[in-house]
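Undergrad: What follows is input.txt, made up of compact mmCIF, C-alpha atoms and all ligand atoms:
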# COMPACT_ATOMS: atom_id res chain seq x y z
CA MET K 38 -44.33 93.50 -32.79
CA SER K 39 -45.14 89.93 -33.65
CA ASN K 40 -45.58 87.49 -30.85
CA ALA K 41 -45.06 84.53 -33.12
CA SER K 42 -42.12 83.32 -31.08
CA GLN K 43 -44.23 82.86 -27.91
CA ALA K 44 -47.45 81.78 -29.51
CA SER K 45 -48.04 78.19 -30.45
CA VAL K 46 -50.47 78.93 -33.26
CA LEU K 47 -50.76 81.49 -36.01
CA VAL K 48 -54.15 82.71 -37.21
CA SER K 49 -54.41 84.56 -40.53
CA ILE K 50 -57.21 87.02 -41.11
CA VAL K 51 -57.89 87.37 -44.84
CA VAL K 52 -59.75 90.45 -46.02
CA PRO K 53 -60.54 91.16 -49.69
CA CYS K 54 -60.79 94.91 -50.27
CA LEU K 55 -62.35 96.67 -53.22
CA ASP K 56 -62.51 100.44 -52.91
CA GLU K 57 -62.66 100.38 -49.14
CA GLU K 58 -60.75 103.61 -48.39
CA GLU K 59 -63.71 104.97 -46.47
CA VAL K 60 -63.98 102.04 -44.11
CA PHE K 61 -60.29 101.19 -43.95
CA PRO K 62 -59.41 103.17 -40.78
CA LEU K 63 -62.28 101.41 -38.96
CA LEU K 64 -61.17 98.04 -40.32
CA GLN K 65 -57.62 98.68 -39.27
CA SER K 66 -58.53 99.52 -35.67
CA ALA K 67 -60.95 96.60 -35.51
CA LEU K 68 -58.21 94.23 -36.67
CA LEU K 69 -55.76 95.66 -34.17
CA SER K 70 -58.11 95.29 -31.24
CA VAL K 71 -59.09 91.75 -32.18
CA ALA K 72 -55.43 90.77 -32.46
CA LYS K 73 -54.75 92.33 -29.08
CA ARG K 74 -57.45 90.19 -27.53
CA MET K 75 -55.94 86.98 -28.88
CA GLU K 76 -52.25 87.62 -28.42
CA PRO K 77 -49.94 86.39 -27.03
CA ALA K 78 -51.60 82.95 -26.85
CA VAL K 79 -52.40 83.16 -30.56
CA ALA K 80 -50.26 85.04 -33.06
CA VAL K 81 -52.09 86.89 -35.81
CA GLU K 82 -51.31 88.00 -39.35
CA PHE K 83 -53.46 90.24 -41.51
CA VAL K 84 -53.65 89.26 -45.17
CA LEU K 85 -55.15 92.22 -47.01
CA VAL K 86 -55.90 91.71 -50.68
CA ASP K 87 -56.54 94.78 -52.80
CA ASP K 88 -58.83 93.60 -55.60
CA GLY K 89 -57.92 96.25 -58.17
CA SER K 90 -59.27 99.20 -56.19
CA GLN K 91 -59.51 102.55 -57.94
CA ASP K 92 -59.22 104.54 -54.74
CA ALA K 93 -56.58 104.83 -52.02
CA THR K 94 -57.14 101.33 -50.61
CA TRP K 95 -53.75 99.99 -51.68
CA SER K 96 -51.79 102.94 -50.29
CA LEU K 97 -53.70 102.54 -47.03
CA ILE K 98 -52.75 98.87 -46.93
CA CYS K 99 -49.10 99.79 -47.60
CA ALA K 100 -49.18 102.41 -44.86
CA PHE K 101 -50.63 99.86 -42.43
CA ALA K 102 -47.90 97.37 -43.42
CA ARG K 103 -45.18 99.95 -42.78
CA VAL K 104 -46.23 100.38 -39.15
CA ASP K 105 -47.25 96.78 -38.45
CA ALA K 106 -45.13 93.77 -39.35
CA ARG K 107 -48.14 91.46 -39.07
CA VAL K 108 -49.65 92.95 -42.23
CA ARG K 109 -49.14 91.16 -45.53
CA GLY K 110 -50.65 93.05 -48.40
CA VAL K 111 -51.19 91.88 -51.95
CA SER K 112 -52.52 93.95 -54.80
CA LEU K 113 -54.15 92.32 -57.82
CA SER K 114 -53.54 93.74 -61.28
CA ARG K 115 -57.24 94.48 -61.81
CA ASN K 116 -60.59 93.65 -60.29
CA PHE K 117 -60.85 89.86 -60.23
CA GLY K 118 -63.87 89.69 -57.97
CA GLN K 119 -64.29 88.88 -54.32
CA GLN K 120 -64.03 85.11 -54.76
CA MET K 121 -60.65 85.39 -56.49
CA ALA K 122 -59.42 87.94 -53.98
CA ILE K 123 -60.28 85.52 -51.17
CA THR K 124 -58.54 82.73 -53.09
CA CYS K 125 -55.42 84.88 -53.38
CA GLY K 126 -55.57 85.62 -49.67
CA TYR K 127 -55.92 81.92 -48.91
CA ASP K 128 -52.91 81.15 -51.09
CA VAL K 129 -50.81 83.76 -49.33
CA ALA K 130 -51.92 83.01 -45.76
CA ARG K 131 -49.50 81.07 -43.59
CA GLY K 132 -51.69 80.54 -40.55
CA ASP K 133 -52.58 77.27 -38.85
CA ALA K 134 -56.10 78.57 -39.18
CA VAL K 135 -57.38 81.16 -41.62
CA VAL K 136 -60.37 83.43 -41.15
CA SER K 137 -61.88 85.27 -44.11
CA MET K 138 -64.16 88.25 -43.70
CA ASP K 139 -65.55 91.33 -45.45
CA ALA K 140 -63.76 94.63 -45.16
CA ASP K 141 -66.86 96.68 -44.39
CA LEU K 142 -67.24 95.24 -40.87
CA GLN K 143 -70.53 93.60 -41.72
CA ASP K 144 -68.77 90.50 -40.49
CA PRO K 145 -67.89 91.63 -36.97
CA PRO K 146 -64.17 91.04 -36.34
CA GLU K 147 -64.97 90.67 -32.62
CA LEU K 148 -66.15 87.17 -33.48
CA VAL K 149 -62.75 85.99 -34.67
CA PRO K 150 -61.62 84.82 -31.20
CA GLN K 151 -64.83 82.81 -30.93
CA LEU K 152 -64.17 81.17 -34.31
CA VAL K 153 -60.67 80.34 -33.15
CA GLU K 154 -61.99 78.81 -29.93
CA VAL K 155 -64.35 76.54 -31.81
CA TRP K 156 -61.52 75.54 -34.14
CA GLN K 157 -59.39 74.67 -31.14
CA THR K 158 -62.06 72.27 -29.92
CA GLY K 159 -61.51 70.27 -33.09
CA ALA K 160 -63.57 71.66 -35.99
CA ASP K 161 -61.81 72.15 -39.32
CA VAL K 162 -64.40 74.50 -40.75
CA VAL K 163 -66.18 77.03 -38.59
CA TYR K 164 -68.96 79.00 -40.25
CA ALA K 165 -70.22 82.26 -38.89
CA VAL K 166 -73.88 82.02 -39.76
CA ARG K 167 -76.11 85.04 -40.07
CA SER K 168 -79.10 84.92 -37.78
CA ARG K 169 -80.46 88.22 -38.99
CA ARG K 170 -79.52 90.58 -41.73
CA ARG K 171 -79.93 94.04 -40.32
CA GLY K 172 -79.48 96.87 -42.76
CA GLU K 173 -80.02 94.69 -45.78
CA GLY K 174 -83.03 95.41 -47.91
CA LEU K 175 -85.99 93.10 -48.25
CA PHE K 176 -84.95 92.32 -51.81
CA LYS K 177 -81.47 91.16 -50.80
CA ARG K 178 -82.83 88.99 -48.00
CA ALA K 179 -85.61 87.49 -50.08
CA SER K 180 -83.33 86.81 -53.03
CA ALA K 181 -80.74 85.20 -50.75
CA ALA K 182 -83.38 82.94 -49.20
CA PHE K 183 -84.72 81.95 -52.61
CA PHE K 184 -81.23 81.33 -53.91
CA TYR K 185 -80.23 78.94 -51.13
CA ARG K 186 -83.52 77.07 -51.44
CA LEU K 187 -82.96 76.71 -55.18
CA LEU K 188 -79.42 75.46 -54.61
CA ARG K 189 -80.64 72.82 -52.18
CA TRP K 190 -83.40 71.82 -54.51
CA ILE K 191 -81.05 71.23 -57.45
CA GLY K 192 -78.77 69.13 -55.29
CA ALA K 193 -76.02 71.55 -54.35
CA SER K 194 -76.51 70.55 -50.77
CA THR K 195 -72.96 71.02 -49.51
CA ILE K 196 -73.48 74.77 -49.36
CA ARG K 197 -74.24 75.98 -45.86
CA GLU K 198 -77.19 78.32 -46.01
CA ALA K 199 -76.85 81.86 -44.68
CA SER K 200 -73.10 81.59 -44.45
CA GLY K 201 -71.36 84.30 -46.35
CA ASP K 202 -67.62 84.26 -46.68
CA PHE K 203 -67.08 84.77 -42.97
CA ARG K 204 -65.57 81.52 -41.76
CA LEU K 205 -62.50 79.84 -40.38
CA LEU K 206 -60.60 77.05 -42.09
CA SER K 207 -57.99 74.85 -40.49
CA ARG K 208 -54.70 74.40 -42.31
CA ARG K 209 -55.65 70.99 -43.64
CA ALA K 210 -59.06 72.17 -44.86
CA LEU K 211 -57.36 75.14 -46.51
CA ASP K 212 -54.75 72.94 -48.18
CA ALA K 213 -57.51 70.69 -49.50
CA LEU K 214 -59.33 73.73 -50.82
CA GLY K 215 -56.10 74.92 -52.41
CA GLU K 216 -56.17 71.85 -54.64
CA LEU K 217 -59.36 73.07 -56.28
CA ARG K 218 -58.21 75.41 -59.03
CA GLU K 219 -61.48 75.93 -60.81
CA GLN K 220 -61.91 79.16 -62.72
CA HIS K 221 -65.48 79.81 -61.70
CA ARG K 222 -65.37 79.89 -57.99
CA PHE K 223 -68.10 79.91 -55.45
CA VAL K 224 -65.79 79.49 -52.52
CA ARG K 225 -68.42 78.79 -49.86
CA GLY K 226 -69.69 75.90 -51.93
CA MET K 227 -66.19 74.56 -52.46
CA VAL K 228 -65.59 74.66 -48.72
CA GLY K 229 -68.62 72.43 -48.27
CA TRP K 230 -67.41 70.09 -50.98
CA VAL K 231 -64.02 69.65 -49.32
CA GLY K 232 -65.77 68.23 -46.28
CA PHE K 233 -64.14 67.90 -42.84
CA LYS K 234 -65.81 68.40 -39.53
CA SER K 235 -67.65 71.70 -39.45
CA ALA K 236 -69.19 73.78 -36.70
CA GLU K 237 -70.89 77.11 -36.62
CA ILE K 238 -71.51 80.17 -34.54
CA GLU K 239 -74.37 82.61 -35.04
CA TYR K 240 -74.20 86.32 -35.40
CA GLU K 241 -76.29 89.25 -36.44
CA ARG K 242 -75.17 90.80 -39.66
CA ALA K 243 -74.69 94.49 -39.11
CA PRO K 244 -75.28 97.19 -41.71
CA SER K 245 -72.22 98.10 -43.76
CA ALA K 246 -69.96 100.39 -41.73
CA ALA K 247 -69.30 102.65 -44.69
CA GLY K 248 -69.42 102.66 -48.42
CA ARG K 249 -71.85 101.00 -50.78
CA SER K 250 -72.23 97.32 -51.53
CA LYS K 251 -69.85 96.19 -54.28
CA TYR K 252 -72.42 93.68 -55.37
CA PRO K 253 -74.75 95.16 -57.94
CA LEU K 254 -77.49 92.86 -59.19
CA THR K 255 -75.50 91.71 -62.22
CA LYS K 256 -72.57 90.60 -60.09
CA MET K 257 -74.92 88.81 -57.71
CA LEU K 258 -76.55 86.97 -60.60
CA ARG K 259 -73.11 85.94 -61.90
CA LEU K 260 -72.22 84.52 -58.52
CA ALA K 261 -75.56 82.73 -58.33
CA THR K 262 -75.04 81.20 -61.79
CA ASP K 263 -71.54 80.12 -60.81
CA ALA K 264 -72.93 78.47 -57.72
CA MET K 265 -75.59 76.58 -59.63
CA VAL K 266 -73.52 75.53 -62.60
CA SER K 267 -70.45 74.60 -60.56
CA PHE K 268 -72.33 72.51 -58.07
CA SER K 269 -75.08 70.86 -60.04
CA VAL K 270 -75.74 69.38 -63.44
CA PHE K 271 -79.45 69.64 -62.85
CA PRO K 272 -79.89 72.53 -65.32
CA LEU K 273 -78.57 70.22 -68.06
CA ARG K 274 -81.16 67.64 -67.13
CA LEU K 275 -83.91 70.23 -67.49
CA THR K 276 -83.80 69.34 -71.17
CA PHE K 277 -85.18 65.92 -70.31
CA VAL K 278 -87.85 67.44 -68.11
CA PHE K 279 -88.98 69.75 -70.90
CA ALA K 280 -88.85 66.95 -73.43
CA GLY K 281 -91.01 64.81 -71.14
CA ILE K 282 -93.60 67.52 -70.62
CA LEU K 283 -93.76 68.29 -74.34
CA ALA K 284 -94.04 64.61 -75.19
CA LEU K 285 -97.06 64.40 -72.89
CA PHE K 286 -98.67 67.34 -74.66
CA VAL K 287 -98.02 65.82 -78.06
CA LEU K 288 -99.37 62.47 -76.92
CA GLY K 289 -102.48 64.15 -75.55
CA TYR K 290 -102.98 66.00 -78.79
CA VAL K 291 -102.63 62.88 -80.92
CA VAL K 292 -104.99 60.85 -78.73
CA ASN K 293 -107.51 63.64 -78.75
CA ALA K 294 -107.35 64.00 -82.53
CA ALA K 295 -107.67 60.25 -83.04
CA LEU K 296 -110.70 60.08 -80.78
CA GLN K 297 -112.38 62.93 -82.59
CA TRP K 298 -111.62 61.34 -85.92
CA PHE K 299 -112.63 57.76 -85.20
CA VAL K 300 -115.31 58.12 -82.54
CA LEU K 301 -117.04 61.35 -83.39
CA GLY K 302 -116.17 61.32 -87.04
CA VAL K 303 -115.13 64.98 -87.04
CA GLU K 304 -111.94 66.16 -88.62
CA PRO K 305 -109.44 67.40 -85.98
CA VAL K 306 -109.04 71.17 -85.77
CA ARG K 307 -106.37 72.44 -88.07
CA GLY K 308 -104.97 75.88 -88.68
CA TRP K 309 -101.80 77.80 -89.26
CA MET K 310 -102.08 79.57 -85.91
CA SER K 311 -101.62 76.43 -83.84
CA LEU K 312 -98.79 75.41 -86.13
CA LEU K 313 -97.04 78.75 -85.67
CA VAL K 314 -97.41 78.65 -81.91
CA SER K 315 -96.02 75.14 -81.62
CA VAL K 316 -93.09 75.92 -83.91
CA MET K 317 -92.24 78.99 -81.87
CA ALA K 318 -92.61 77.15 -78.57
CA PHE K 319 -90.33 74.35 -79.70
CA GLY K 320 -87.84 76.86 -81.07
CA ALA K 321 -87.73 78.83 -77.84
CA LEU K 322 -87.30 75.71 -75.76
CA ASN K 323 -84.51 74.48 -77.99
CA LEU K 324 -82.68 77.77 -77.70
CA PHE K 325 -83.15 77.76 -73.95
CA CYS K 326 -81.65 74.30 -73.63
CA ILE K 327 -78.77 75.21 -75.93
CA GLY K 328 -78.18 78.26 -73.76
CA ILE K 329 -77.89 76.08 -70.65
CA MET K 330 -75.52 73.77 -72.44
CA GLY K 331 -73.55 76.82 -73.54
CA GLU K 332 -73.07 77.84 -69.91
CA TYR K 333 -71.39 74.53 -69.20
CA VAL K 334 -69.41 74.40 -72.45
CA GLY K 335 -68.17 77.96 -71.87
CA ARG K 336 -66.91 76.94 -68.47
CA ILE K 337 -65.12 73.94 -69.92
CA TYR K 338 -63.47 76.28 -72.42
CA GLU K 339 -62.38 78.73 -69.75
CA GLN K 340 -61.08 75.90 -67.60
CA VAL K 341 -59.01 74.22 -70.32
CA LYS K 342 -57.28 77.49 -71.10
CA GLY K 343 -55.68 76.95 -67.73
CA ARG K 344 -55.10 80.60 -66.98
CA PRO K 345 -53.98 81.62 -63.52
CA LEU K 346 -56.86 82.55 -61.26
CA TYR K 347 -55.54 86.06 -60.59
CA VAL K 348 -52.52 88.19 -61.33
CA VAL K 349 -50.54 89.90 -58.57
CA ARG K 350 -49.35 93.44 -59.25
CA ALA K 351 -47.57 94.22 -56.00
CA ARG K 352 -46.92 92.96 -52.51
CA THR K 353 -45.96 94.72 -49.34
CA PRO K 354 -42.33 94.00 -48.42
CA GLU K 355 -41.86 90.94 -46.21
CA PRO K 356 -40.11 91.82 -42.96
N1 LIG G 401 -64.98 92.70 -52.79
C1 LIG G 401 -63.85 92.44 -53.55
N2 LIG G 401 -63.97 92.42 -54.91
C2 LIG G 401 -65.17 92.64 -55.56
C3 LIG G 401 -66.31 92.87 -54.75
C4 LIG G 401 -66.19 92.90 -53.38
O1 LIG G 401 -62.77 92.22 -53.03
O2 LIG G 401 -65.20 92.60 -56.78
C5 LIG G 401 -64.86 92.71 -51.32
C6 LIG G 401 -65.32 93.97 -50.64
O3 LIG G 401 -64.28 94.90 -50.52
C7 LIG G 401 -65.76 93.43 -49.28
C8 LIG G 401 -66.28 92.06 -49.60
O4 LIG G 401 -65.70 91.69 -50.84
O5 LIG G 401 -64.67 93.30 -48.41
C9 LIG G 401 -67.79 91.99 -49.68
O6 LIG G 401 -68.27 93.00 -50.53
P1 LIG G 401 -69.57 93.85 -50.18
O7 LIG G 401 -69.51 94.31 -48.78
O8 LIG G 401 -69.74 94.86 -51.23
O9 LIG G 401 -70.67 92.69 -50.33
P2 LIG G 401 -72.11 92.61 -49.65
O10 LIG G 401 -71.94 93.06 -48.22
O11 LIG G 401 -72.98 93.49 -50.43
O12 LIG G 401 -72.47 91.16 -49.76
MG MG G 402 -70.86 94.40 -47.35
For this file, write the structure as structure tokens.
TA:
Amino acid sequence: MSNASQASVLVSIVVPCLDEEEVFPLLQSALLSVAKRMEPAVAVEFVLVDDGSQDATWSLICAFARVDARVRGVSLSRNFGQQMAITCGYDVARGDAVVSMDADLQDPPELVPQLVEVWQTGADVVYAVRSRRRGEGLFKRASAAFFYRLLRWIGASTIREASGDFRLLSRRALDALGELREQHRFVRGMVGWVGFKSAEIEYERAPSAAGRSKYPLTKMLRLATDAMVSFSVFPLRLTFVFAGILALFVLGYVVNAALQWFVLGVEPVRGWMSLLVSVMAFGALNLFCIGIMGEYVGRIYEQVKGRPLYVVRARTPEP
């Protein structure tokens, strides 16, 4: 079925799948029709990564692979998270260009040919940027906007705003990315870090075709922390900011007390309440700063263990 012999380029489409049995038939037909549109000029392979699904996702991937030689399925030994599943897909992909997208068709597969076209004009990274987020709640949109602003503000400026994980990477960009084996991965930030010439196309993000979001608030916060801590040391410097502000307060207090004492001749106000409050405030700030440091130290610890990023449980047979 593959047209690889006639085509001059191979494009891999990488899809991480966690419990996507409901949407899988739709995904499968969308992938087939998008491949049909591009072949035979462009050969296509489908890299489907099962991220420890509890439902029938893996058997659906296997069934798809049995009837279509372009499918290459990998199943991870447990849930490693979307960023690791994408990383696995990137490692497995053999294409000259690799597109990653969500399984739930929120990233419309119809756009893949457009991404490929832009790549063929010379861009190494092509982002599909969301112009609107239909079907996503106000909270998700507002928190995403706030998050990207915060990232920019703390200096993580290589992260393209409003780009999810729907993008195309050229082989050389992908190989460069493959060199980055950090344990805490915020792949879209790493793509920015790698550099290369980038371009973008806009699209409207559709509501999820089926199934619920696999990103509960806790998982989203984890990803946000990973993004901040991996791409900025600003949180560590907050300690200096706090120290500066507190020093100003202390200075103000001392000057004020001295003035009262020497100019007005009154004894400065004393009392155990103010003492208690300042001790507690300093204590809380100290703990907060230690907590931030802990985030970084913990990451160093996880990194030096040098564990593999994910563990593969099974693969579909290679033709
Ligand atoms: N996903 C995954 N592992 C996870 C969470 C999500 O592989 O731990 C996949 C999921 O199957 C989907 C994509 O990542 O293909 C995006 O997930 P989702 O649609 O839930 O994210 P959202 O649309 O809420 O950002
Ligand atoms: Mg989704």
Undergrad: Using only C-alpha atoms, tabulate the residues of stretch 52-159 of chain K lying at most 9 Å from any atom of stretch 208-217 of chain K, each with its closest atom pair and that distance in Å to one decimal, by chain and increasing residue number, as JSON lines.
TA:
{"residue": "K:Thr124", "atom": "CA", "partner": "K:Gly215", "partner_atom": "CA", "distance": 8.2}
{"residue": "K:Tyr127", "atom": "CA", "partner": "K:Leu211", "partner_atom": "CA", "distance": 7.3}
{"residue": "K:Asp128", "atom": "CA", "partner": "K:Gly215", "partner_atom": "CA", "distance": 7.1}
{"residue": "K:Arg131", "atom": "CA", "partner": "K:Arg208", "partner_atom": "CA", "distance": 8.6}
{"residue": "K:Gly132", "atom": "CA", "partner": "K:Arg208", "partner_atom": "CA", "distance": 7.1}
{"residue": "K:Asp133", "atom": "CA", "partner": "K:Arg208", "partner_atom": "CA", "distance": 5.0}
{"residue": "K:Ala134", "atom": "CA", "partner": "K:Arg208", "partner_atom": "CA", "distance": 5.4}
{"residue": "K:Val135", "atom": "CA", "partner": "K:Arg208", "partner_atom": "CA", "distance": 7.3}
Undergrad: Go ahead and dump the residues you just picked, C-alpha atoms, as an mmCIF file, keeping the file's coordinate frame.
TA:
data_model
loop_
_atom_site.group_PDB
_atom_site.id
_atom_site.type_symbol
_atom_site.label_atom_id
_atom_site.label_comp_id
_atom_site.auth_asym_id
_atom_site.auth_seq_id
_atom_site.Cartn_x
_atom_site.Cartn_y
_atom_site.Cartn_z
ATOM 1 C CA THR K 124 -58.540 82.730 -53.090
ATOM 2 C CA TYR K 127 -55.920 81.920 -48.910
ATOM 3 C CA ASP K 128 -52.910 81.150 -51.090
ATOM 4 C CA ARG K 131 -49.500 81.070 -43.590
ATOM 5 C CA GLY K 132 -51.690 80.540 -40.550
ATOM 6 C CA ASP K 133 -52.580 77.270 -38.850
ATOM 7 C CA ALA K 134 -56.100 78.570 -39.180
ATOM 8 C CA VAL K 135 -57.380 81.160 -41.620
#
Undergrad: Give me the residues within 10 Å of K:Ala261 as a PyMOL selection string, counting all atoms listed in the file and dropping any in the same chain fewer than 4 places off.
TA: chain K and resi 181+184-185+188+223+255-257+265-267
Undergrad: Calculate, to one decimal in Å, the centre and edge lengths of the box along x, y and z of the file that holds all listed atoms of ligand LIG 401 (chain G) with 5 Å of margin on each side, and present them as AutoDock Vina command-line options.
TA:
--center_x -67.9 --center_y 93.0 --center_z -52.5 --size_x 20.2 --size_y 13.7 --size_z 18.6
Undergrad: Pick out the closest residue to K:Arg344 from this set: K:Thr158, K:Ser180, K:Ser207, K:Gln220. Count all atoms listed in the file.
TA: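 With all atoms listed in the file as the atom set, the closest residue is K:Gln220.
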Undergrad: What does the distance from atom CA of K:Gly89 to atom CA of K:Leu113 come to in Å, to one decimal?
TA: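 For atom CA of K:Gly89 relative to atom CA of K:Leu113, the distance reads 5.5 Å.
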Undergrad: Could you give me, as a Markdown table, every chain K residue with an atom at most 7 Å from ligand LIG 401 (chain G), plus its closest atom pair and distance in Å to one decimal, counting only C-alpha atoms and all ligand atoms, rows ordered by chain then number?
TA:
| residue | atom | partner | partner_atom | distance |
| --- | --- | --- | --- | --- |
| K:Val52 | CA | G:LIG401 | O5 | 6.2 |
| K:Pro53 | CA | G:LIG401 | O1 | 4.2 |
| K:Cys54 | CA | G:LIG401 | O3 | 3.5 |
| K:Leu55 | CA | G:LIG401 | O3 | 3.8 |
| K:Asp56 | CA | G:LIG401 | O3 | 6.3 |
| K:Glu57 | CA | G:LIG401 | O3 | 5.9 |
| K:Asp87 | CA | G:LIG401 | O1 | 6.7 |
| K:Asp88 | CA | G:LIG401 | O1 | 4.9 |
| K:Asn116 | CA | G:LIG401 | O2 | 5.9 |
| K:Phe117 | CA | G:LIG401 | O2 | 6.2 |
| K:Gly118 | CA | G:LIG401 | O2 | 3.4 |
| K:Gln119 | CA | G:LIG401 | N2 | 3.6 |
| K:Ala122 | CA | G:LIG401 | O1 | 5.5 |
| K:Met138 | CA | G:LIG401 | O5 | 6.9 |
| K:Asp139 | CA | G:LIG401 | O5 | 3.7 |
| K:Ala140 | CA | G:LIG401 | O5 | 3.6 |
| K:Asp141 | CA | G:LIG401 | O7 | 5.6 |
| K:Gln143 | CA | G:LIG401 | O10 | 6.7 |
| K:Ser245 | CA | G:LIG401 | O10 | 6.7 |
| K:Arg249 | CA | G:LIG401 | O8 | 6.5 |
| K:Ser250 | CA | G:LIG401 | O8 | 3.5 |
| K:Lys251 | CA | G:LIG401 | O8 | 3.3 |
| K:Tyr252 | CA | G:LIG401 | O11 | 5.0 |
Undergrad: Atom CA of K:Val84 and atom CA of K:Leu258 are how many Å apart?
TA: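 Straight-line distance from atom CA of K:Val84 to atom CA of K:Leu258 works out to 27.7 Å.
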Undergrad: Which residues are close to K:Leu63, i.e. within 12 Å by only C-alpha atoms, leaving aside same-chain residues fewer than 2 positions away? Reply as a PyMOL selection string.
TA: chain K and resi 57-61+65-70+97+140-143+145-146+245-248
Undergrad: Could you please determine the separation between atom CA of K:Met330 and atom CA of K:Ile282 in Å, to one decimal place?
TA: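 Interatomic distance here is 19.2 Å.
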Undergrad: In file coordinates, which residues lie within 12 Å of (-59.0, 74.1, -31.9) using only C-alpha atoms, given as an MDAnalysis selection string?
TA: chainID K and resid 45:48 79 133:134 150:163 205:208 234:236
Undergrad: Which is closest to K:Tyr347 among K:Val104, K:Ile50, K:Leu260, K:Cys125, if we use all atoms listed in the file?
TA: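 The closest residue to K:Tyr347 is K:Cys125.
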Undergrad: Would you kindly return, as a PyMOL selection string, each protein, DNA or RNA residue with an atom no farther than 7 Å from any atom of K:Val224, considering all atoms listed in the file and excluding same-chain residues fewer than 3 positions away?
TA: chain K and resi 120+227-228
Undergrad: May I ask which of the residues K:Gly308, K:Gly229, K:Pro253, K:Gly126 is the closest one to ligand MG 402 (chain G), counting only C-alpha atoms and all ligand atoms?
TA: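 Using only C-alpha atoms and all ligand atoms, the shortest distance to ligand MG 402 (chain G) belongs to K:Pro253.
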Undergrad: Would you please work out which residue, of K:Val108, K:Gly343, K:Val300, K:Ala44, is nearest to K:Pro356 when using all atoms listed in the file?
TA: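 Distance minimum relative to K:Pro356 lands on K:Val108.
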